[in-house]
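> See run_26.cif below, with mmCIF, C-alpha atoms.
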```cif
data_work
#
loop_
_atom_site.label_atom_id
_atom_site.label_comp_id
_atom_site.auth_asym_id
_atom_site.auth_seq_id
_atom_site.Cartn_x
_atom_site.Cartn_y
_atom_site.Cartn_z
CA MET A 1 83.83 110.79 32.20
CA GLN A 2 86.80 110.06 29.95
CA THR A 3 89.05 107.06 30.37
CA HIS A 4 92.77 107.55 30.86
CA GLU A 5 93.43 106.37 27.30
CA GLN A 6 90.88 108.82 25.89
CA LEU A 7 92.42 111.70 27.82
CA VAL A 8 95.93 110.79 26.66
CA ALA A 9 94.75 110.53 23.05
CA LYS A 10 93.08 113.95 23.33
CA LEU A 11 96.18 115.55 24.86
CA MET A 12 98.49 113.98 22.26
CA ARG A 13 96.57 115.84 19.54
CA ARG A 14 97.88 119.10 21.00
CA PRO A 15 101.14 120.03 19.19
CA GLY A 16 102.92 121.27 22.31
CA VAL A 17 102.11 118.14 24.28
CA ARG A 18 103.10 115.81 21.45
CA LYS A 19 106.40 117.67 20.95
CA GLU A 20 107.28 117.44 24.66
CA VAL A 21 106.38 113.75 24.86
CA GLU A 22 108.55 113.06 21.82
CA ARG A 23 111.44 114.98 23.41
CA ILE A 24 111.12 113.02 26.64
CA GLU A 25 111.04 109.73 24.78
CA ARG A 26 114.05 110.72 22.65
CA GLU A 27 116.24 112.19 25.39
CA GLU A 28 115.28 111.06 28.88
CA GLY A 29 113.88 107.75 27.65
CA ALA A 30 117.14 106.83 25.97
CA LEU A 31 119.11 107.76 29.08
CA LEU A 32 116.76 105.75 31.30
CA ASP A 33 117.15 102.73 29.02
CA LEU A 34 120.94 102.97 29.32
CA LEU A 35 120.87 103.31 33.10
CA LEU A 36 118.44 100.44 33.60
CA LYS A 37 120.40 98.21 31.23
CA ALA A 38 123.62 98.96 33.12
CA ARG A 39 121.96 98.26 36.47
CA HIS A 40 120.51 94.98 35.27
CA GLU A 41 123.78 93.91 33.65
CA ALA A 42 125.50 94.59 36.98
CA GLY A 43 122.82 92.47 38.68
CA LEU A 44 122.00 95.23 41.15
CA THR A 45 118.78 96.32 42.79
CA GLN A 46 117.89 99.96 43.32
CA ALA A 47 118.81 99.51 46.99
CA GLN A 48 122.26 98.21 46.09
CA VAL A 49 122.84 101.09 43.67
CA ALA A 50 121.72 103.54 46.35
CA GLU A 51 124.16 102.06 48.86
CA ARG A 52 127.02 102.36 46.39
CA MET A 53 126.00 105.96 45.62
CA GLY A 54 125.84 106.84 49.29
CA THR A 55 122.13 107.62 49.20
CA GLN A 56 118.80 106.02 50.08
CA PRO A 57 116.85 103.61 47.83
CA PRO A 58 113.95 106.06 47.31
CA ALA A 59 116.42 108.50 45.73
CA VAL A 60 117.37 105.95 43.06
CA ALA A 61 113.71 105.12 42.48
CA ARG A 62 112.95 108.86 42.08
CA LEU A 63 115.86 109.25 39.65
CA GLU A 64 114.66 106.41 37.45
CA ARG A 65 111.02 107.55 37.67
CA ALA A 66 111.96 111.16 36.89
CA LEU A 67 113.67 110.10 33.68
CA ALA A 68 110.63 108.03 32.73
CA THR A 69 108.31 110.99 33.16
CA GLY A 70 110.61 113.82 32.13
CA LYS A 71 109.62 115.79 35.23
CA HIS A 72 113.15 116.24 36.45
CA SER A 73 116.58 116.08 34.86
CA PRO A 74 119.27 114.70 37.16
CA SER A 75 122.56 116.52 37.59
CA LEU A 76 125.69 115.27 35.87
CA GLU A 77 127.15 114.48 39.28
CA THR A 78 124.18 112.25 40.10
CA LEU A 79 124.54 110.48 36.76
CA ARG A 80 128.27 110.00 37.38
CA LYS A 81 127.55 108.45 40.78
CA TYR A 82 124.91 106.14 39.30
CA ALA A 83 127.24 105.09 36.48
CA SER A 84 130.04 104.41 38.93
CA ALA A 85 127.71 102.44 41.21
CA VAL A 86 126.86 100.07 38.35
CA GLY A 87 130.47 99.76 37.22
CA LYS A 88 130.27 102.13 34.28
CA LYS A 89 131.76 105.48 33.33
CA LEU A 90 129.62 108.43 32.21
CA VAL A 91 130.71 109.76 28.83
CA LEU A 92 129.00 112.77 27.24
CA GLN A 93 129.00 113.32 23.53
CA LEU A 94 127.59 116.08 21.36
CA SER A 95 126.65 115.10 17.85
#
```
Before anything else, please render the file you have as structure tokens.

Amino acid sequence: MQTHEQLVAKLMRRPGVRKEVERIEREEGALLDLLLKARHEAGLTQAQVAERMGTQPPAVARLERALATGKHSPSLETLRKYASAVGKKLVLQLS
């Protein structure tokens, strides 16, 4: 039986898997870093952010986890609510 690390190493040798992991790290990972930094700077817990967003704490946990895994991309409206809840403004930029 393979260990988790061995399985990950094997999968990362596959070009399609490596490309997707790199995309997640580049796109969703950067967004997650920004959201978490904003939440921590605001001194808020996930529960406090959820209350300000008008949702339940598990929804905020799912949002942050989804960005970490790349399994789900949140809507712009959800990102706007999160940004507002932590005292920030969502600004999109194409470069």
> If we count all atoms listed in the file and set the cut-off at 10 Å, which residues sit around A:Ala42, ignoring sequence neighbours fewer than 6 positions away in its own chain? Please answer as a list in words.
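Final neighbour list, sorted by chain and number: Leu36, Val49, Ala85, Val86, Gly87 and Lys88 of chain A.
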> Go ahead and write the residues just picked, C-alpha atoms, as a compact mmCIF listing (two decimals), in the frame of the given file.

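Saved file out_19.txt follows:
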```
# COMPACT_ATOMS: atom_id res chain seq x y z
CA LEU A 36 118.44 100.44 33.60
CA VAL A 49 122.84 101.09 43.67
CA ALA A 85 127.71 102.44 41.21
CA VAL A 86 126.86 100.07 38.35
CA GLY A 87 130.47 99.76 37.22
CA LYS A 88 130.27 102.13 34.28
```
> Give me, please, the distance in Å between atom CA of A:Glu64 and atom CA of A:Leu79, quoted to one decimal.
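Pair atom CA of A:Glu64 / atom CA of A:Leu79 returns 10.7 Å.
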> With all atoms listed in the file counted and 12 Å as the cut-off, give the residues of stretch 55-94 of chain A in contact with stretch 5-28 of chain A, each with its shortest interatomic distance in Å and the pair that gives it, as a Markdown table.

```
| residue | atom | partner | partner_atom | distance |
| --- | --- | --- | --- | --- |
| A:Leu63 | CA | A:Glu28 | CA | 10.9 |
| A:Glu64 | CA | A:Glu28 | CA | 9.8 |
| A:Arg65 | CA | A:Glu28 | CA | 10.4 |
| A:Ala66 | CA | A:Glu28 | CA | 8.7 |
| A:Leu67 | CA | A:Glu28 | CA | 5.2 |
| A:Ala68 | CA | A:Glu28 | CA | 6.8 |
| A:Thr69 | CA | A:Ile24 | CA | 7.4 |
| A:Gly70 | CA | A:Ile24 | CA | 5.6 |
| A:Lys71 | CA | A:Ile24 | CA | 9.1 |
| A:His72 | CA | A:Glu28 | CA | 9.4 |
| A:Ser73 | CA | A:Glu28 | CA | 7.9 |
| A:Pro74 | CA | A:Glu28 | CA | 9.9 |
```
> Check what the PyMOL selection byres ((chain A and resi 83) around 12) selects in the file above and give those residues as a PyMOL selection string.
chain A and resi 31-32+34-39+42+49-50+52-53+60+76-82+84-91
> For a test of reading the model, state the distance in Å between atom CA of A:Gly54 and atom CA of A:Leu94, rounded to one decimal.
29.5 Å
> Do you have the atom CA of A:Ala59-atom CA of A:Gln46 distance handy?
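Separation between atom CA of A:Ala59 and atom CA of A:Gln46: 9.0 Å.
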> I'd like to know which of A:Gln93, A:His4, A:Pro57, A:Ser75 is closest to A:Leu44, using only C-alpha atoms.
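Nearest candidate to A:Leu44 out of A:Gln93, A:His4, A:Pro57, A:Ser75: A:Pro57.
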